[in-house]
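S.K.: Structure file entry_27.txt, compact mmCIF, C-alpha atoms, is pasted below:
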# COMPACT_ATOMS: atom_id res chain seq x y z
CA MET A 1 0.00 0.00 0.00
CA LYS A 2 1.31 3.41 -0.83
CA THR A 3 0.00 6.80 0.17
CA ILE A 4 0.74 10.36 -0.85
CA ASN A 5 -0.22 12.89 1.77
CA LYS A 6 -0.37 16.57 0.85
CA LEU A 7 0.69 18.69 3.78
CA ALA A 8 -0.08 22.35 4.37
CA PHE A 9 3.21 24.08 5.11
CA ILE A 10 3.19 27.57 6.61
CA LEU A 11 6.68 27.32 8.07
CA MET A 12 9.46 27.13 5.51
CA MET A 13 11.89 24.24 5.60
CA ALA A 14 12.12 21.77 8.44
CA SER A 15 15.29 20.81 10.30
CA LEU A 16 18.11 18.59 8.90
CA LEU A 17 20.03 14.33 10.24
CA THR A 18 22.29 11.22 9.58
CA GLY A 19 22.16 7.61 10.98
CA CYS A 20 22.83 3.66 10.11
CA LEU A 21 23.94 0.04 10.89
CA GLY A 22 21.77 -3.09 10.74
CA LEU A 23 22.14 -5.07 7.54
CA GLY A 24 19.20 -7.01 6.18
CA SER A 25 19.53 -9.65 3.51
CA LYS A 26 22.40 -12.08 3.06
CA GLU A 27 23.44 -10.43 -0.20
CA GLU A 28 24.15 -7.21 1.70
CA ASP A 29 26.15 -8.79 4.52
CA ASP A 30 29.30 -9.40 2.49
CA GLY A 31 31.52 -6.78 4.10
CA GLN A 32 31.88 -4.90 0.80
CA PRO A 33 30.79 -1.31 0.12
CA HIS A 34 27.69 -0.84 -2.03
CA TYR A 35 26.79 2.38 -3.85
CA TYR A 36 23.36 3.48 -5.04
CA VAL A 37 21.69 6.15 -7.14
CA ILE A 38 18.08 7.28 -7.38
CA ASP A 39 17.61 7.81 -11.10
CA VAL A 40 14.14 8.67 -12.39
CA ASP A 41 12.97 9.51 -15.89
CA ARG A 42 9.82 11.35 -16.87
CA GLY A 43 9.88 9.58 -20.22
CA ALA A 44 8.59 11.52 -23.21
CA ILE A 45 9.43 15.19 -23.55
CA ALA A 46 6.42 17.52 -23.58
CA ALA A 47 5.08 18.40 -27.02
CA SER A 48 5.18 22.15 -26.28
CA PHE A 49 7.01 24.41 -23.87
CA ALA A 50 6.04 27.56 -21.99
CA LYS A 51 7.53 30.80 -23.32
CA ASN A 52 9.53 33.28 -21.28
CA ARG A 53 9.25 31.29 -18.07
CA VAL A 54 12.70 30.49 -16.71
CA VAL A 55 13.01 28.76 -13.34
CA ARG A 56 16.14 28.41 -11.25
CA ILE A 57 16.27 25.40 -8.93
CA LYS A 58 18.26 26.05 -5.79
CA PRO A 59 20.33 23.16 -4.42
CA VAL A 60 17.93 20.75 -2.74
CA ARG A 61 18.13 20.89 1.05
CA ILE A 62 18.19 17.60 2.96
CA THR A 63 17.03 17.47 6.58
CA SER A 64 20.12 16.96 8.74
CA HIS A 65 19.02 13.49 9.86
CA PHE A 66 19.48 12.19 6.30
CA ARG A 67 22.06 14.57 4.84
CA GLY A 68 25.01 12.18 4.62
CA GLN A 69 25.63 9.62 1.90
CA ASP A 70 24.81 6.61 4.11
CA ILE A 71 21.43 4.91 3.66
CA VAL A 72 19.33 5.39 6.81
CA PHE A 73 16.91 2.96 8.48
CA LYS A 74 14.38 3.90 11.14
CA VAL A 75 14.54 1.20 13.85
CA GLY A 76 12.57 2.88 16.65
CA ASP A 77 10.25 5.80 17.19
CA ASP A 78 13.24 8.10 17.78
CA GLU A 79 16.08 5.83 16.66
CA TYR A 80 17.82 5.66 13.30
CA GLN A 81 20.77 3.60 12.05
CA ARG A 82 23.21 4.41 9.28
CA GLN A 83 23.99 1.58 6.87
CA GLU A 84 27.69 2.35 6.71
CA ARG A 85 28.55 0.04 3.78
CA HIS A 86 25.48 1.17 1.83
CA GLN A 87 25.82 4.68 0.46
CA PHE A 88 24.62 6.99 -2.26
CA PHE A 89 27.15 7.26 -5.07
CA SER A 90 27.09 11.06 -4.75
CA GLU A 91 25.85 13.60 -2.22
CA PRO A 92 22.05 13.31 -1.95
CA GLU A 93 21.68 17.08 -2.34
CA GLU A 94 23.32 16.92 -5.77
CA MET A 95 21.39 13.81 -6.76
CA PHE A 96 17.93 15.20 -5.92
CA THR A 97 18.75 18.56 -7.54
CA GLY A 98 19.79 16.86 -10.76
CA GLN A 99 16.72 14.62 -10.84
CA ALA A 100 14.33 17.54 -10.27
CA LYS A 101 16.03 19.59 -12.98
CA ARG A 102 15.90 16.79 -15.55
CA TRP A 103 12.23 16.06 -14.83
CA LEU A 104 11.11 19.69 -15.05
CA GLN A 105 13.14 20.28 -18.20
CA LYS A 106 11.02 17.62 -19.92
CA SER A 107 7.70 18.82 -18.48
CA GLY A 108 7.26 21.81 -20.80
CA LEU A 109 6.09 23.93 -17.86
CA PHE A 110 9.14 26.18 -18.18
CA SER A 111 11.01 27.56 -21.15
CA GLN A 112 14.27 26.83 -19.37
CA VAL A 113 15.36 25.16 -16.12
CA ILE A 114 18.70 26.26 -14.65
CA THR A 115 20.65 25.53 -11.49
CA ASP A 116 23.26 28.27 -11.74
CA ASP A 117 22.93 31.96 -10.87
CA GLY A 118 21.65 33.01 -14.28
CA ASN A 119 18.63 35.24 -14.81
CA ALA A 120 15.32 33.58 -13.96
CA ASP A 121 11.68 34.57 -13.57
CA MET A 122 11.10 32.15 -10.72
CA VAL A 123 13.07 30.25 -8.09
CA MET A 124 12.18 26.78 -6.90
CA GLU A 125 13.27 25.66 -3.45
CA ILE A 126 13.03 21.97 -2.56
CA ALA A 127 13.56 20.25 0.76
CA VAL A 128 13.75 16.52 1.48
CA THR A 129 12.41 16.16 5.01
CA LYS A 130 12.15 12.36 5.28
CA LEU A 131 14.37 9.80 3.56
CA TYR A 132 14.59 6.44 5.31
CA GLY A 133 13.71 2.78 5.23
CA ASP A 134 11.28 1.77 7.96
CA LYS A 135 12.64 -1.23 9.88
CA ARG A 136 10.58 -0.95 13.06
CA GLU A 137 9.31 -4.37 14.21
CA GLN A 138 5.71 -3.19 14.67
CA PHE A 139 5.46 -1.72 11.13
CA SER A 140 5.52 -3.16 7.63
CA PRO A 141 8.77 -2.58 5.69
CA GLN A 142 8.54 0.66 3.75
CA ALA A 143 10.66 3.19 1.89
CA VAL A 144 9.62 6.65 3.08
CA LEU A 145 10.15 9.88 1.16
CA GLU A 146 8.78 13.32 2.05
CA MET A 147 9.52 16.52 0.14
CA GLN A 148 8.53 20.19 0.17
CA PHE A 149 8.36 22.38 -2.94
CA PHE A 150 8.25 26.19 -3.00
CA LEU A 151 7.99 28.33 -6.12
CA ILE A 152 8.90 31.99 -5.67
CA SER A 153 8.80 34.87 -8.14
CA ASP A 154 12.20 36.40 -8.82
CA ASP A 155 11.94 39.84 -10.38
CA GLY A 156 14.97 41.14 -8.50
CA SER A 157 13.19 43.43 -6.06
CA ASN A 158 9.92 41.92 -4.87
CA GLN A 159 9.95 38.18 -4.20
CA GLN A 160 6.56 36.57 -3.76
CA ALA A 161 5.54 33.01 -2.89
CA LEU A 162 3.59 31.63 -5.85
CA PHE A 163 3.12 27.96 -5.08
CA GLN A 164 3.98 25.55 -2.30
CA THR A 165 3.18 21.96 -1.46
CA GLY A 166 4.39 19.14 0.74
CA LEU A 167 4.18 15.51 -0.33
CA ARG A 168 4.92 12.24 1.44
CA ILE A 169 4.89 8.75 0.01
CA ASP A 170 5.31 5.40 1.76
CA ILE A 171 6.21 2.54 -0.60
CA ASP A 172 5.69 -1.03 0.64
CA ILE A 173 8.76 -3.22 0.12
CA LYS A 174 9.42 -6.92 0.71
CA GLU A 175 12.01 -6.31 3.41
CA THR A 176 13.98 -3.34 4.68
CA SER A 177 17.25 -3.93 2.84
CA ALA A 178 19.23 -1.12 1.22
CA PRO A 179 18.53 -2.26 -2.39
CA ASN A 180 14.79 -2.54 -1.69
CA VAL A 181 14.67 0.84 0.02
CA VAL A 182 16.45 2.55 -2.87
CA LYS A 183 14.04 0.96 -5.37
CA GLY A 184 11.17 2.22 -3.23
CA TRP A 185 12.62 5.74 -3.17
CA LYS A 186 12.96 5.63 -6.96
CA GLN A 187 9.29 4.74 -7.35
CA GLY A 188 8.35 7.34 -4.75
CA LEU A 189 10.34 10.14 -6.38
CA GLU A 190 8.76 9.42 -9.76
CA GLU A 191 5.29 9.69 -8.23
CA LEU A 192 6.09 12.83 -6.24
CA LEU A 193 7.58 14.63 -9.25
CA ALA A 194 4.61 13.60 -11.41
CA THR A 195 2.25 14.96 -8.75
CA VAL A 196 4.17 18.24 -8.47
CA GLU A 197 4.14 18.58 -12.26
CA ASP A 198 0.35 18.13 -12.31
CA ASP A 199 -0.09 20.65 -9.48
CA LEU A 200 2.16 23.20 -11.18
CA SER A 201 0.34 22.70 -14.47
CA GLY A 202 -2.93 23.48 -12.71
CA TYR A 203 -1.41 26.55 -11.06
CA PHE A 204 -0.12 27.97 -14.37
CA LEU A 205 -3.42 27.30 -16.12
CA LYS A 206 -5.22 29.20 -13.38
CA HIS A 207 -2.81 32.12 -13.26
CA SER A 208 -1.79 32.49 -16.90
CA PRO A 209 -2.74 35.86 -18.41
Please, can you express the file's structure as structure tokens?

M.R.:
Amino acid sequence: MKTINKLAFILMMASLLTGCLGLGSKEEDDGQPHYYVIDVDRGAIAASFAKNRVVRIKPVRITSHFRGQDIVFKVGDDEYQRQERHQFFSEPEEMFTGQAKRWLQKSGLFSQVITDDGNADMVMEIAVTKLYGDKREQFSPQAVLEMQFFLISDDGSNQQALFQTGLRIDIDIKETSAPNVVKGWKQGLEELLATVEDDLSGYFLKHSP
């Protein structure tokens, strides 16, 4: 069972974490380092693109609990463990920023998507506030991903919040092993980005001149 919960966020950005240890399946317990990526693809490129709508994506912020490269499992209500031999191939901030940019570039919602300090009409800020595999005994194994998205006008003098949403998804997995959790996050990120794209499309339709 998977659920996406939209959250109303009045406060900007939550806090930030790292943690990790217990190994699950036999294939993981080989004493060797394992490296993972979350790589999603929107698929087809949009047939048409917006005109004169450039967005700059700021580097994605990761809550401190999950900011390091180690995969994190939740093993108690307030207890997390870092899976020290199971890591992201690159910093998660860079990985999520790149995935968001690639997805939005294909969406057609913007004429251009940039991540540098070039001129832009809008700025998108993204925060990953939950990123863990649930390994608590009383709960089913799940890969949990929660993200916040903020779209802000950027005319140089008067910044204004245009759009914001918070999304969480819990993907059921067979067992809480690092490979299963990463596969769950991949599925979750695809669904969250598709949902954000739909929400942004609705926003632009409503507010287009």

S.K.: How many Å separate CA of Leu192 (chain A) from CA of Leu131 (chain A)?

M.R.: 13.2 Å

S.K.: Counting only C-alpha atoms, figure out which residue out of A:Thr129, A:Gln148, A:Gln142, A:Ser48 gets nearest to Gln105 (chain A).

M.R.: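 Counting only C-alpha atoms, the residue closest to Gln105 (chain A) is A:Ser48.
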
S.K.: Excluding same-chain residues fewer than 3 positions from Asp77 (chain A), what lies within 9 Å of it counting all atoms listed in the file, as a ChimeraX atom specification?

M.R.: /A:74,80,136

S.K.: From the list A:Thr115, A:Gln138, A:Ser177, A:Thr165, which residue is nearest Thr97 (chain A) when using only C-alpha atoms?

M.R.: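 Residue with the minimum atom-to-atom distance to Thr97 (chain A): A:Thr115.
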
S.K.: Excluding same-chain residues fewer than 3 positions from Gln69 (chain A), what lies within 7 Å of it counting all atoms listed in the file, as a tab-separated table (two decimals) with C-alpha atoms, in the coordinates of the input?

M.R.:
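What landed in part39.tsv:
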chain	number	residue	atom	x	y	z
A	87	GLN	CA	25.82	4.68	0.46
A	88	PHE	CA	24.62	6.99	-2.26
A	90	SER	CA	27.09	11.06	-4.75
A	91	GLU	CA	25.85	13.60	-2.22
A	92	PRO	CA	22.05	13.31	-1.95

S.K.: Give the answer as one residue: which of A:Lys130, A:Arg42, A:Lys186, A:Arg56 has the shortest atom-to-atom distance to Ser107 (chain A), using all atoms listed in the file?

M.R.: A:Arg42

S.K.: Report as a ChimeraX atom specification all protein, DNA and RNA residues lying within 8 Å of Gln164 (chain A), evaluated on all atoms listed in the file, omitting residues in the same chain fewer than 3 positions from it.

M.R.: /A:9,148-151,161

S.K.: Using all atoms listed in the file for the distances, tell me which of A:Thr176, A:Gln112, A:Thr195, A:Gln160 is nearest to Val72 (chain A).

M.R.: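 That would be A:Thr176, the residue with the smallest distance to Val72 (chain A).
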
S.K.: For Arg61 (chain A), which of A:Gln99, A:Phe110, A:Glu125, A:Asp41 is the closest residue, counting all atoms listed in the file?

M.R.: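 Of all the options, A:Glu125 lies closest to Arg61 (chain A).
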
S.K.: What's the separation between CA of Ile62 (chain A) and CA of Leu145 (chain A), in Å to one decimal place?

M.R.: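 CA of Leu145 (chain A) lies at a distance of 11.3 Å from CA of Ile62 (chain A).
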
S.K.: Calculate how many Å separate CA of Trp103 (chain A) from CA of Phe73 (chain A), rounding to one decimal.

M.R.: 27.1 Å
